[in-house]
Structure formats: structure tokens, C-alpha cells
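> This is structure_32.cif, which holds mmCIF, C-alpha atoms:
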data_final
#
loop_
_atom_site.label_atom_id
_atom_site.label_comp_id
_atom_site.auth_asym_id
_atom_site.auth_seq_id
_atom_site.Cartn_x
_atom_site.Cartn_y
_atom_site.Cartn_z
CA MET A 1 0.00 0.00 0.00
CA THR A 2 1.37 3.40 -0.97
CA GLN A 3 2.04 5.79 1.92
CA TYR A 4 1.50 9.53 1.61
CA LEU A 5 3.19 12.51 3.21
CA PHE A 6 1.69 15.96 2.70
CA PHE A 7 3.78 18.99 3.59
CA SER A 8 1.71 22.05 4.27
CA GLY A 9 2.26 25.60 5.47
CA LYS A 10 2.60 29.24 4.49
CA GLY A 11 4.86 30.18 1.60
CA GLY A 12 8.53 30.40 2.55
CA VAL A 13 8.43 28.30 5.73
CA GLY A 14 10.60 25.55 4.25
CA LYS A 15 8.16 23.00 2.84
CA THR A 16 10.27 22.27 -0.22
CA SER A 17 13.47 21.78 1.81
CA LEU A 18 11.88 19.47 4.35
CA SER A 19 9.83 17.46 1.86
CA SER A 20 12.89 17.05 -0.40
CA ALA A 21 15.06 15.95 2.53
CA THR A 22 12.39 13.47 3.59
CA ALA A 23 12.02 12.06 0.08
CA VAL A 24 15.79 11.57 -0.23
CA ARG A 25 15.88 9.80 3.12
CA LEU A 26 13.02 7.47 2.19
CA ALA A 27 14.69 6.57 -1.10
CA ARG A 28 18.01 5.96 0.68
CA GLN A 29 16.18 3.51 2.96
CA GLY A 30 15.20 1.58 -0.15
CA ALA A 31 11.66 2.84 -0.71
CA ARG A 32 10.56 3.79 -4.23
CA THR A 33 9.60 7.40 -3.67
CA LEU A 34 7.85 10.06 -5.74
CA LEU A 35 8.18 13.70 -4.73
CA VAL A 36 5.46 15.90 -6.24
CA THR A 37 5.15 19.65 -6.12
CA THR A 38 1.85 21.39 -6.82
CA ASP A 39 3.26 24.80 -5.95
CA PRO A 40 3.68 26.99 -9.02
CA ALA A 41 6.37 28.89 -7.09
CA SER A 42 8.25 25.76 -6.08
CA ASN A 43 12.00 25.62 -6.57
CA LEU A 44 12.29 21.83 -6.55
CA GLY A 45 14.44 22.01 -9.66
CA ASP A 46 16.97 24.28 -7.91
CA VAL A 47 17.06 22.12 -4.80
CA PHE A 48 17.99 19.03 -6.81
CA GLY A 49 19.96 20.87 -9.46
CA GLN A 50 18.01 19.30 -12.29
CA ALA A 51 14.92 19.99 -14.39
CA VAL A 52 11.48 19.07 -13.05
CA GLY A 53 8.83 18.08 -15.55
CA LEU A 54 5.20 17.12 -15.78
CA ASP A 55 6.19 13.46 -15.82
CA ALA A 56 8.09 11.65 -13.03
CA ARG A 57 11.84 11.89 -13.61
CA PRO A 58 14.56 9.96 -11.77
CA VAL A 59 16.82 12.04 -9.52
CA ALA A 60 20.49 11.66 -10.45
CA GLY A 61 22.49 10.12 -7.61
CA VAL A 62 19.50 8.89 -5.60
CA PRO A 63 18.26 5.54 -6.92
CA GLY A 64 14.52 5.04 -6.36
CA LEU A 65 13.71 8.77 -6.10
CA PHE A 66 11.59 10.52 -8.70
CA ILE A 67 10.42 14.14 -8.91
CA GLN A 68 7.46 15.61 -10.74
CA GLU A 69 5.52 18.86 -10.84
CA ILE A 70 1.83 19.52 -11.32
CA ASN A 71 1.58 22.72 -13.29
CA PRO A 72 -1.90 24.30 -13.30
CA GLU A 73 -1.50 25.84 -16.75
CA ALA A 74 -0.24 22.63 -18.30
CA ALA A 75 -2.93 20.65 -16.51
CA LEU A 76 -5.56 23.00 -17.93
CA GLN A 77 -4.12 22.66 -21.42
CA SER A 78 -4.15 18.87 -21.41
CA TYR A 79 -7.66 18.90 -19.96
CA LYS A 80 -8.81 21.25 -22.74
CA ASP A 81 -7.09 19.20 -25.43
CA ARG A 82 -8.85 16.11 -24.17
CA ALA A 83 -12.24 17.83 -24.13
CA LEU A 84 -11.80 19.57 -27.48
CA ALA A 85 -10.53 16.63 -29.50
CA PRO A 86 -13.99 15.18 -30.24
CA MET A 87 -15.23 18.69 -31.12
CA ARG A 88 -12.39 19.27 -33.58
CA ALA A 89 -13.50 16.22 -35.53
CA LEU A 90 -17.02 17.61 -35.99
CA PHE A 91 -16.83 21.40 -36.08
CA PRO A 92 -14.83 24.14 -37.77
CA GLU A 93 -12.01 25.83 -35.89
CA GLN A 94 -14.07 28.99 -35.21
CA ILE A 95 -16.57 27.07 -33.10
CA VAL A 96 -13.87 25.08 -31.32
CA ARG A 97 -12.04 28.29 -30.45
CA ALA A 98 -15.19 29.92 -29.09
CA ALA A 99 -15.76 26.93 -26.81
CA GLU A 100 -12.12 26.89 -25.75
CA GLU A 101 -12.28 30.53 -24.65
CA LYS A 102 -15.16 29.74 -22.34
CA MET A 103 -13.24 26.84 -20.86
CA SER A 104 -10.42 28.97 -19.51
CA GLY A 105 -11.96 30.02 -16.20
CA PRO A 106 -10.21 29.47 -12.88
CA CYS A 107 -12.74 26.81 -12.03
CA THR A 108 -11.67 24.67 -14.97
CA GLU A 109 -8.04 25.14 -13.99
CA GLU A 110 -8.77 23.99 -10.46
CA VAL A 111 -10.57 20.90 -11.66
CA ALA A 112 -7.77 20.06 -14.07
CA THR A 113 -5.09 20.50 -11.40
CA PHE A 114 -7.01 18.46 -8.92
CA ASP A 115 -7.43 15.73 -11.48
CA GLN A 116 -3.64 15.41 -11.72
CA PHE A 117 -3.26 15.52 -7.96
CA ILE A 118 -5.58 12.52 -7.74
CA ALA A 119 -3.62 10.80 -10.50
CA CYS A 120 -0.42 11.20 -8.46
CA MET A 121 -2.13 9.65 -5.46
CA GLN A 122 -2.97 6.64 -7.54
CA GLU A 123 0.49 5.80 -8.78
CA PRO A 124 0.76 2.15 -7.77
CA ASP A 125 4.48 1.93 -8.46
CA TYR A 126 5.63 3.85 -5.40
CA ASP A 127 6.05 2.92 -1.75
CA TRP A 128 5.86 6.60 -0.80
CA VAL A 129 4.42 9.66 -2.49
CA VAL A 130 5.57 12.90 -0.87
CA PHE A 131 3.66 16.08 -1.71
CA ASP A 132 5.46 19.37 -1.40
CA THR A 133 2.11 21.13 -1.49
CA ALA A 134 1.06 24.61 -2.46
CA PRO A 135 0.51 27.28 0.21
CA THR A 136 -2.15 26.45 2.75
CA GLY A 137 -5.31 28.06 1.40
CA HIS A 138 -4.91 26.47 -2.00
CA THR A 139 -4.01 23.11 -0.54
CA LEU A 140 -7.08 23.05 1.62
CA ARG A 141 -9.36 23.89 -1.25
CA LEU A 142 -7.89 21.01 -3.19
CA LEU A 143 -8.29 18.66 -0.27
CA GLU A 144 -11.73 19.91 0.57
CA LEU A 145 -12.99 19.10 -2.89
CA PRO A 146 -13.29 15.33 -2.74
CA GLY A 147 -15.98 15.38 -0.04
CA SER A 148 -18.11 18.04 -1.64
CA TRP A 149 -17.59 16.62 -5.10
CA SER A 150 -18.83 13.22 -4.18
CA VAL A 151 -21.94 14.79 -2.72
CA HIS A 152 -22.36 16.96 -5.78
CA ILE A 153 -21.89 14.10 -8.19
CA THR A 154 -24.43 12.02 -6.28
CA GLU A 155 -26.95 14.88 -6.17
CA SER A 156 -26.53 15.64 -9.85
CA ALA A 157 -26.99 12.01 -10.69
CA ALA A 158 -30.20 12.07 -8.63
CA GLY A 159 -31.39 14.92 -10.83
CA SER A 160 -31.39 17.90 -8.49
CA GLY A 161 -28.98 19.74 -10.78
CA GLN A 162 -29.30 22.87 -8.67
CA THR A 163 -25.73 23.16 -7.49
CA CYS A 164 -22.69 23.71 -9.60
CA MET A 165 -19.11 22.69 -9.14
CA GLY A 166 -17.91 23.76 -12.54
CA PRO A 167 -17.06 21.28 -15.26
CA VAL A 168 -17.23 18.49 -12.74
CA GLU A 169 -19.71 16.60 -14.89
CA SER A 170 -16.96 15.46 -17.16
CA LEU A 171 -15.25 13.83 -14.19
CA THR A 172 -18.14 11.77 -12.85
CA ALA A 173 -16.60 8.58 -14.19
CA SER A 174 -13.92 9.00 -11.56
CA GLN A 175 -16.10 9.32 -8.47
CA LYS A 176 -14.67 6.04 -7.21
CA GLU A 177 -11.18 7.51 -7.49
CA TYR A 178 -12.13 10.61 -5.51
CA ASP A 179 -13.72 8.56 -2.78
CA ALA A 180 -10.66 6.32 -2.64
CA ALA A 181 -8.43 9.40 -2.45
CA LEU A 182 -10.40 10.90 0.42
CA LYS A 183 -10.36 7.60 2.29
CA ALA A 184 -6.60 7.42 1.84
CA LEU A 185 -6.25 11.01 3.11
CA GLN A 186 -8.25 10.14 6.21
CA SER A 187 -6.42 6.90 6.92
CA GLU A 188 -3.96 7.22 9.79
CA SER A 189 -1.90 4.30 8.59
CA GLN A 190 -1.62 5.66 5.05
CA SER A 191 -1.40 9.46 5.21
CA THR A 192 0.46 11.94 7.38
CA PHE A 193 0.06 15.71 7.22
CA VAL A 194 3.17 17.62 8.16
CA PHE A 195 2.60 21.27 8.99
CA VAL A 196 5.75 23.27 8.55
CA THR A 197 5.74 26.53 10.46
CA GLN A 198 8.14 29.22 11.58
CA PRO A 199 8.16 29.99 15.31
CA SER A 200 6.17 33.20 14.76
CA LYS A 201 2.60 34.29 15.40
CA LEU A 202 1.29 34.65 11.85
CA SER A 203 2.75 31.37 10.68
CA ILE A 204 1.43 29.44 13.69
CA ASP A 205 -2.02 31.07 13.59
CA GLU A 206 -2.42 30.02 9.99
CA MET A 207 -1.21 26.52 10.76
CA MET A 208 -3.70 26.11 13.60
CA ARG A 209 -6.55 27.22 11.32
CA ALA A 210 -5.45 24.83 8.62
CA SER A 211 -5.16 22.02 11.14
CA GLU A 212 -8.74 22.59 12.30
CA GLU A 213 -9.98 22.63 8.71
CA LEU A 214 -8.36 19.26 8.09
CA LYS A 215 -9.91 17.81 11.24
CA LYS A 216 -13.31 18.87 9.94
CA LEU A 217 -12.58 16.79 6.86
CA GLY A 218 -11.83 13.79 9.07
CA ILE A 219 -8.08 14.11 8.65
CA HIS A 220 -6.48 13.76 12.08
CA HIS A 221 -3.03 12.34 11.51
CA GLN A 222 -1.13 15.62 11.82
CA ILE A 223 2.41 16.50 12.77
CA ALA A 224 3.98 19.94 13.20
CA VAL A 225 7.55 20.95 12.48
CA LEU A 226 8.82 24.23 13.89
CA ASN A 227 11.35 25.24 11.30
CA GLY A 228 14.17 27.76 11.52
CA VAL A 229 14.71 27.62 15.28
CA ILE A 230 17.97 29.36 16.31
CA PRO A 231 20.32 26.54 17.42
CA GLU A 232 21.24 26.53 21.11
CA GLU A 233 24.95 27.24 20.62
CA GLU A 234 24.13 30.31 18.50
CA ARG A 235 21.87 32.00 21.03
CA VAL A 236 24.79 33.88 22.63
CA HIS A 237 25.28 36.42 19.82
CA PRO A 238 23.27 39.63 20.37
CA TYR A 239 21.42 39.42 17.07
CA SER A 240 20.53 35.74 17.17
CA GLN A 241 19.80 36.05 20.89
CA ARG A 242 17.15 38.66 20.07
CA ARG A 243 15.68 36.43 17.43
CA TRP A 244 15.67 33.46 19.81
CA ARG A 245 13.84 35.55 22.46
CA ARG A 246 11.15 36.19 19.85
CA GLN A 247 10.96 32.50 18.96
CA MET A 248 11.07 31.09 22.48
CA PRO A 249 7.43 31.69 23.53
CA PHE A 250 6.19 29.81 20.45
CA VAL A 251 8.69 27.00 20.85
CA GLU A 252 7.37 26.55 24.39
CA SER A 253 3.65 26.96 23.69
CA LEU A 254 3.14 25.06 20.44
CA PRO A 255 3.48 21.54 21.91
CA GLN A 256 0.62 22.43 24.29
CA GLU A 257 -1.58 24.02 21.61
CA PHE A 258 -1.09 21.53 18.81
CA SER A 259 -2.86 18.20 19.12
CA GLY A 260 -0.17 16.11 17.41
CA PRO A 261 3.57 15.65 17.88
CA VAL A 262 5.80 18.71 17.40
CA GLY A 263 9.39 18.56 16.15
CA MET A 264 11.99 21.31 15.94
CA MET A 265 14.34 22.00 13.06
CA PRO A 266 17.28 24.41 13.28
CA LEU A 267 17.96 27.45 11.16
CA TYR A 268 20.78 26.36 8.85
CA ALA A 269 23.69 28.61 8.00
CA ASP A 270 23.96 27.01 4.58
CA GLU A 271 21.50 26.94 1.74
CA ILE A 272 19.53 23.70 1.53
CA LYS A 273 20.36 22.38 -1.90
CA GLY A 274 22.18 19.40 -3.30
CA ILE A 275 21.89 15.79 -2.21
CA GLU A 276 24.52 16.00 0.55
CA MET A 277 22.81 18.89 2.32
CA LEU A 278 19.40 17.23 1.88
CA GLU A 279 20.77 14.08 3.53
CA ARG A 280 22.00 16.11 6.49
CA VAL A 281 18.61 17.85 6.87
CA GLY A 282 16.88 14.47 6.49
CA ARG A 283 18.95 13.04 9.37
CA ASP A 284 18.15 16.05 11.58
CA LEU A 285 14.45 15.77 10.75
CA ASP A 286 14.48 12.07 11.56
CA ASP A 287 16.05 12.91 14.95
CA ALA A 288 13.52 15.70 15.53
CA ILE A 289 10.35 13.77 14.83
CA HIS A 290 9.08 10.46 13.56
CA LEU A 291 7.19 10.95 10.30
CA MET B 292 -41.72 13.97 -24.59
CA THR B 293 -38.06 14.79 -24.77
CA VAL B 294 -36.61 18.30 -24.59
CA HIS B 295 -33.03 18.76 -25.71
CA ILE B 296 -31.30 21.96 -24.62
CA TYR B 297 -28.17 22.78 -26.60
CA ASP B 298 -26.53 25.32 -24.32
CA PRO B 299 -23.87 27.82 -25.23
CA GLU B 300 -20.51 27.01 -23.62
CA MET B 301 -20.79 27.71 -19.89
CA CYS B 302 -18.84 26.88 -16.78
CA CYS B 303 -21.17 23.93 -16.20
CA THR B 304 -24.40 22.51 -17.59
CA THR B 305 -26.68 24.60 -15.40
CA GLY B 306 -24.81 27.92 -15.64
CA VAL B 307 -26.12 28.59 -12.14
CA CYS B 308 -22.92 29.34 -10.29
CA GLY B 309 -20.39 31.98 -9.38
CA PRO B 310 -20.85 35.20 -7.46
CA SER B 311 -23.21 36.82 -9.98
CA THR B 312 -25.73 34.30 -11.20
CA ASP B 313 -27.47 35.12 -14.47
CA PRO B 314 -31.21 35.38 -13.63
CA GLU B 315 -32.00 33.89 -17.04
CA MET B 316 -30.05 30.75 -16.13
CA LEU B 317 -31.94 30.53 -12.87
CA ARG B 318 -35.19 30.74 -14.81
CA VAL B 319 -34.01 27.97 -17.13
CA ALA B 320 -33.02 25.79 -14.17
CA GLN B 321 -36.53 26.23 -12.78
CA LEU B 322 -38.08 25.54 -16.18
CA VAL B 323 -36.09 22.31 -16.41
CA ALA B 324 -37.10 21.28 -12.90
CA GLY B 325 -40.77 22.02 -13.69
CA LEU B 326 -40.73 20.10 -16.97
CA THR B 327 -39.03 17.15 -15.30
CA ARG B 328 -41.74 17.09 -12.64
CA GLU B 329 -44.38 17.03 -15.38
CA GLY B 330 -42.77 13.94 -16.84
CA TYR B 331 -40.73 15.48 -19.66
CA GLN B 332 -37.31 14.07 -20.24
CA VAL B 333 -34.97 17.06 -20.33
CA VAL B 334 -31.39 16.68 -21.54
CA ARG B 335 -28.83 19.50 -21.54
CA HIS B 336 -25.80 19.45 -23.80
CA MET B 337 -22.61 21.43 -23.91
CA LEU B 338 -20.15 21.48 -26.80
CA SER B 339 -17.01 20.83 -24.79
CA GLN B 340 -18.51 17.83 -23.06
CA ASP B 341 -20.82 16.35 -25.66
CA ALA B 342 -19.96 17.60 -29.13
CA ALA B 343 -21.43 14.52 -30.75
CA ALA B 344 -24.95 15.47 -29.58
CA PHE B 345 -24.72 18.77 -31.50
CA ALA B 346 -23.79 16.88 -34.65
CA ALA B 347 -26.40 14.17 -34.14
CA ASP B 348 -29.35 16.54 -34.65
CA PRO B 349 -29.20 17.66 -38.31
CA GLU B 350 -30.98 20.99 -37.73
CA VAL B 351 -28.83 21.92 -34.72
CA TYR B 352 -25.70 20.99 -36.66
CA ARG B 353 -26.81 23.04 -39.68
CA GLN B 354 -27.58 26.11 -37.55
CA LEU B 355 -24.27 25.86 -35.77
CA LEU B 356 -22.26 25.55 -38.97
CA ALA B 357 -24.20 28.38 -40.65
CA HIS B 358 -24.37 30.88 -37.79
CA GLY B 359 -21.68 29.77 -35.35
CA PRO B 360 -21.91 29.60 -31.56
CA ASN B 361 -24.15 32.70 -31.48
CA SER B 362 -27.08 30.55 -32.61
CA LEU B 363 -26.98 28.84 -29.20
CA PRO B 364 -28.96 28.07 -27.16
CA ILE B 365 -31.11 25.87 -29.39
CA VAL B 366 -33.96 23.96 -27.80
CA THR B 367 -35.78 21.07 -29.45
CA VAL B 368 -38.93 19.23 -28.41
CA ASP B 369 -39.13 15.68 -29.74
CA ASN B 370 -36.40 16.61 -32.21
CA ALA B 371 -38.34 19.61 -33.66
CA VAL B 372 -36.69 22.99 -33.14
CA CYS B 373 -38.52 25.08 -30.55
CA THR B 374 -36.27 28.13 -30.11
CA ILE B 375 -33.00 29.33 -31.60
CA GLY B 376 -30.79 31.90 -29.87
CA ARG B 377 -32.94 32.03 -26.74
CA TYR B 378 -34.36 29.75 -24.08
CA PRO B 379 -38.08 28.99 -24.40
CA GLU B 380 -40.88 30.01 -22.06
CA LEU B 381 -43.09 27.23 -20.77
CA GLU B 382 -45.71 28.36 -23.32
CA ASP B 383 -43.28 27.76 -26.21
CA ILE B 384 -42.85 24.18 -25.10
CA ARG B 385 -46.60 23.68 -24.63
CA ALA B 386 -47.25 25.09 -28.14
CA MET B 387 -44.91 22.43 -29.54
CA GLN B 388 -46.90 19.78 -27.76
CA GLY B 389 -50.10 20.94 -29.50
CA ALA B 390 -48.44 20.96 -32.92
#
Is it possible to express this structure as C-alpha cells?

Amino acid sequence: MTQYLFFSGKGGVGKTSLSSATAVRLARQGARTLLVTTDPASNLGDVFGQAVGLDARPVAGVPGLFIQEINPEAALQSYKDRALAPMRALFPEQIVRAAEEKMSGPCTEEVATFDQFIACMQEPDYDWVVFDTAPTGHTLRLLELPGSWSVHITESAAGSGQTCMGPVESLTASQKEYDAALKALQSESQSTFVFVTQPSKLSIDEMMRASEELKKLGIHHQIAVLNGVIPEEERVHPYSQRRWRRQMPFVESLPQEFSGPVGMMPLYADEIKGIEMLERVGRDLDDAIHL
Amino acid sequence: MTVHIYDPEMCCTTGVCGPSTDPEMLRVAQLVAGLTREGYQVVRHMLSQDAAAFAADPEVYRQLLAHGPNSLPIVTVDNAVCTIGRYPELEDIRAMQGA
């Protein structure tokens, strides 16, 4: 059974670094691992020093590790191509183009992106699929969809037809897949949500909200990682001491506030890129918390 | 009796969504619900999802090729054209029944 790890949190908190380090560690332990980014602003390619594409590509130097990106624009294009192909066979270009223009709304893009997200969850070839997810709000909307979609699909099938979830009708064939995905997300033995947060008020507030939202969806297997904590031996310098004093209250209070385990990761002096650095971060993360 | 609604391209097959719902689409949704209750079979089609349906009805196909997407919506009752370029009122449908 494939295991899933979802990294979540505000932009810039270190999701890509920690998810990449985790994926490298899993692969090094012998697990076939896929690392997927759905964040259009992700720098996965820079972290690994190689190109990321829409298909899973092997990572040089780490056998068993593959990286892939879900690009909303590309997802929309392939969705449109699929939908328009039968029309092209029957109608002149002018009519096809008019239909295509109407298909370019954000709601179609969301559906198309989500479709690929589900596809990544159903890759049977991997022991682990690690998602370096998009910033929190977007992530939650994606995750929130399966529940409401299933209801919508069922209602539409029953003929109420009064609600609308966008071009969801064309996806009804996959209701089973959405239900399976939601079940997998809710399964404690299969999925873990890792909230990455800085020890600061805004970052933690947002994390707590996101955590509650997930619980409402029946997703309870949550872990928090406080990232960028000033290491103990560095707290003597005036500047880093000031920063530590700002961080300290959150480092102390979060384990009480958050319902799941909380781990702490240090602020690194060096940039987190390249396999060697990722292995070091992966070791530290493994010491900090069990994922 | 079967009513086929060939919609213009919309976000979904009801068009009833988003922050500013078109009152006309609300009216059509109600019309469809009413007709369904009366025992009509109502089927809605959209080009991007069901292009073949637009080609399967010769008159709809001809209109579309001749006048482009602006001829939509087209509504047929038992395969006879009821309205072109607008959605029918209940009376339009009833008139078709008498014909």
C-alpha cells in the first residue's frame, strides 16, 4: 500500500526543503519514492539541481527517487485538449475556439489541477508519495474538494442539478477515485500531514486554522515541524539572541496548543540544496520527529 | 416527450454558479425542474462535453455551422426545433406539444 506525506504551510516556511530531505531519506532507505510539487512557485528544480517536468523523472544520484511537478496551466491545457478533441473532428475551428475561450476560467483550472493531484495519489508503483504542497489556502481547497464533489456528483446524478461545481460533470466517471483518495487522506496508517511553520505568530495562527480545517474533513493524523529555530549554541550572539527571544514563547507553547507531535528544526547557516545537504537535513528531521 | 437543450458554452451545464448568477439561467433551471416534474425528459448538452450530440441533430448541426456559436442556445422538443438563440418560455414548449 502506498504511503503519503503531505507537507503544508505558508509560503517560505521551508516546505520544499523538508519534503525534499524526507524524500531523499526514504529513497536511501530503499523505498521507491515520488516527490510531487503542486506549488507553481516551487524551486524543486533548484534544490535538486536538475529539471522538473510534468512526468516523473529519476533524480540523479539517488536511486529510487523521482520528482514531478503539477503545473496548473499545463494541466488546464491537457484537460482542454482532451475535451476539445472530439469537437475538432465535428466542427470548424471557429466554433472550437469559441468553446475553448469559455473553458479557460479558474474553475476549470482547479478541476484540471485536482485531477492530476488525484492521478499522483494513484500511482501504484511507489512505496511513498511525498507532496510538497502549495501554500495552505490552496491546498485546503484542493483537499476539501473530494468530499463536496462526491456529494455533488451524487446529487446531480439524482437529478437535483441545482448546485454547480464547474465542469465536474466530465469527471463523474472518476467518483470512485475521488472517494478512494479521500479515504486514503483520512487513513492514519496511510497518510500523514506535516505542517511546517516558523516559530512566529502569523505562521502558527495560519497553521492552527489549517489544522482545524483538516480535522473537519476527518483528517487527524497531523504533525507539526517548527522550522528555523535558532540553534542553542548560536543563542549567545546579540542578534541571534534577540531572534531566539522572539521564537522562544512559540517553541514553548506550540506543543501544548497543537494536538499532534511537534518537532523542531534548526535554522541552517547554509542553503539547503544538493543531495549532501538534503541528507543532512533528512537526518536532523528524523532525529527531531518520527514521520 | 423529450426536450433537448443545446446550451452555449458555460462553466457547467446549469450555468447557475459563481458570485453573480445570471437570472435567465436561474429561470431555465426552474423551467427544467418544472418540466421534469411534469414527466418530460430534459437533456442539456454542452459542446465541450458532448460535441457529438450537437452533430447528431441535423438541424442543430446546420444552424451551428451556418451561424456559429451565437445561434446557441437551441432547444428542441421531440427533435423539432422550438427556439434558436434564446431559451423557451413554458408556453413555447406547450405550443410544440399541441403541434
> Rank A:Phe91, A:Tyr126, A:Phe258, A:Phe131 by their smallest atom-to-atom distance to B:Gly359, using only C-alpha atoms, and report the top residue only.
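The shortest atom-to-atom distance to B:Gly359 comes from A:Phe91.
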> For a quick test of understanding: name the residues of chain B lying within 12 Å of chain A when counting only C-alpha atoms, and present them as a ChimeraX atom specification.
/B:298-310,312,316-325,327-328,332-347,352-363
> With C-alpha atoms kept, could you save the residues just selected as a compact mmCIF listing (two decimals), keeping the file's coordinate frame?

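Below you can see again11.txt, which holds the result:
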# COMPACT_ATOMS: atom_id res chain seq x y z
CA ASP B 298 -26.53 25.32 -24.32
CA PRO B 299 -23.87 27.82 -25.23
CA GLU B 300 -20.51 27.01 -23.62
CA MET B 301 -20.79 27.71 -19.89
CA CYS B 302 -18.84 26.88 -16.78
CA CYS B 303 -21.17 23.93 -16.20
CA THR B 304 -24.40 22.51 -17.59
CA THR B 305 -26.68 24.60 -15.40
CA GLY B 306 -24.81 27.92 -15.64
CA VAL B 307 -26.12 28.59 -12.14
CA CYS B 308 -22.92 29.34 -10.29
CA GLY B 309 -20.39 31.98 -9.38
CA PRO B 310 -20.85 35.20 -7.46
CA THR B 312 -25.73 34.30 -11.20
CA MET B 316 -30.05 30.75 -16.13
CA LEU B 317 -31.94 30.53 -12.87
CA ARG B 318 -35.19 30.74 -14.81
CA VAL B 319 -34.01 27.97 -17.13
CA ALA B 320 -33.02 25.79 -14.17
CA GLN B 321 -36.53 26.23 -12.78
CA LEU B 322 -38.08 25.54 -16.18
CA VAL B 323 -36.09 22.31 -16.41
CA ALA B 324 -37.10 21.28 -12.90
CA GLY B 325 -40.77 22.02 -13.69
CA THR B 327 -39.03 17.15 -15.30
CA ARG B 328 -41.74 17.09 -12.64
CA GLN B 332 -37.31 14.07 -20.24
CA VAL B 333 -34.97 17.06 -20.33
CA VAL B 334 -31.39 16.68 -21.54
CA ARG B 335 -28.83 19.50 -21.54
CA HIS B 336 -25.80 19.45 -23.80
CA MET B 337 -22.61 21.43 -23.91
CA LEU B 338 -20.15 21.48 -26.80
CA SER B 339 -17.01 20.83 -24.79
CA GLN B 340 -18.51 17.83 -23.06
CA ASP B 341 -20.82 16.35 -25.66
CA ALA B 342 -19.96 17.60 -29.13
CA ALA B 343 -21.43 14.52 -30.75
CA ALA B 344 -24.95 15.47 -29.58
CA PHE B 345 -24.72 18.77 -31.50
CA ALA B 346 -23.79 16.88 -34.65
CA ALA B 347 -26.40 14.17 -34.14
CA TYR B 352 -25.70 20.99 -36.66
CA ARG B 353 -26.81 23.04 -39.68
CA GLN B 354 -27.58 26.11 -37.55
CA LEU B 355 -24.27 25.86 -35.77
CA LEU B 356 -22.26 25.55 -38.97
CA ALA B 357 -24.20 28.38 -40.65
CA HIS B 358 -24.37 30.88 -37.79
CA GLY B 359 -21.68 29.77 -35.35
CA PRO B 360 -21.91 29.60 -31.56
CA ASN B 361 -24.15 32.70 -31.48
CA SER B 362 -27.08 30.55 -32.61
CA LEU B 363 -26.98 28.84 -29.20
> Give me the residues within 8 Å of stretch 48-58 of chain A as a list in words, counting all atoms listed in the file and dropping any in the same chain fewer than 2 places off.
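Contacts, with the query itself left out: Leu34, Leu44, Gly45, Asp46, Ala60, Val62, Pro63, Gly64, Leu65, Phe66, Ile67, Gln68, Glu69, Ile70, Asn71, Lys273, Gly274 and Ile275 of chain A.
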> When the PyMOL selection byres ((chain A and resi 120) around 12) is applied to the structure above, which residues does it catch, written out as a PyMOL selection string?
chain A and resi 2-4+33-38+54-56+67-70+113-119+121-126+128-131+177+181
> For B:Glu382, which of B:His295, B:Leu326, B:Asn370, B:Pro349 is the closest residue, counting only C-alpha atoms?
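Among the listed residues, the smallest separation from B:Glu382 belongs to B:Leu326.
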> Neighbours of B:Val372 within 10 Å (only C-alpha atoms; same-chain residues fewer than 5 positions away dropped), as a ChimeraX atom specification?
/B:294-295,348,350-351,365-367,387
> For A:Ala288, which residue among A:Glu109, A:Val24, A:Ser78, A:Leu18 is the nearest when counting all atoms listed in the file?
A:Leu18
> Work out how far atom CA of A:Ser42 is from atom CA of A:Glu73, in Å to one decimal.
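About the pair atom CA of A:Glu73 and atom CA of A:Ser42: they are 14.5 Å apart.
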> So how far away is atom CA of A:Ile289 from atom CA of A:Val262, in Å?
7.2 Å
> So how far away is atom CA of A:Phe6 from atom CA of A:Thr22, in Å?
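Atom CA of A:Phe6 lies 11.0 Å from atom CA of A:Thr22.
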> Quick one: residues within 12 Å of B:Arg385, all atoms listed in the file counted, chain neighbours fewer than 3 positions away excluded, as a PyMOL selection string?
chain B and resi 292+294+326+329+331+368+373+379-382+388-390
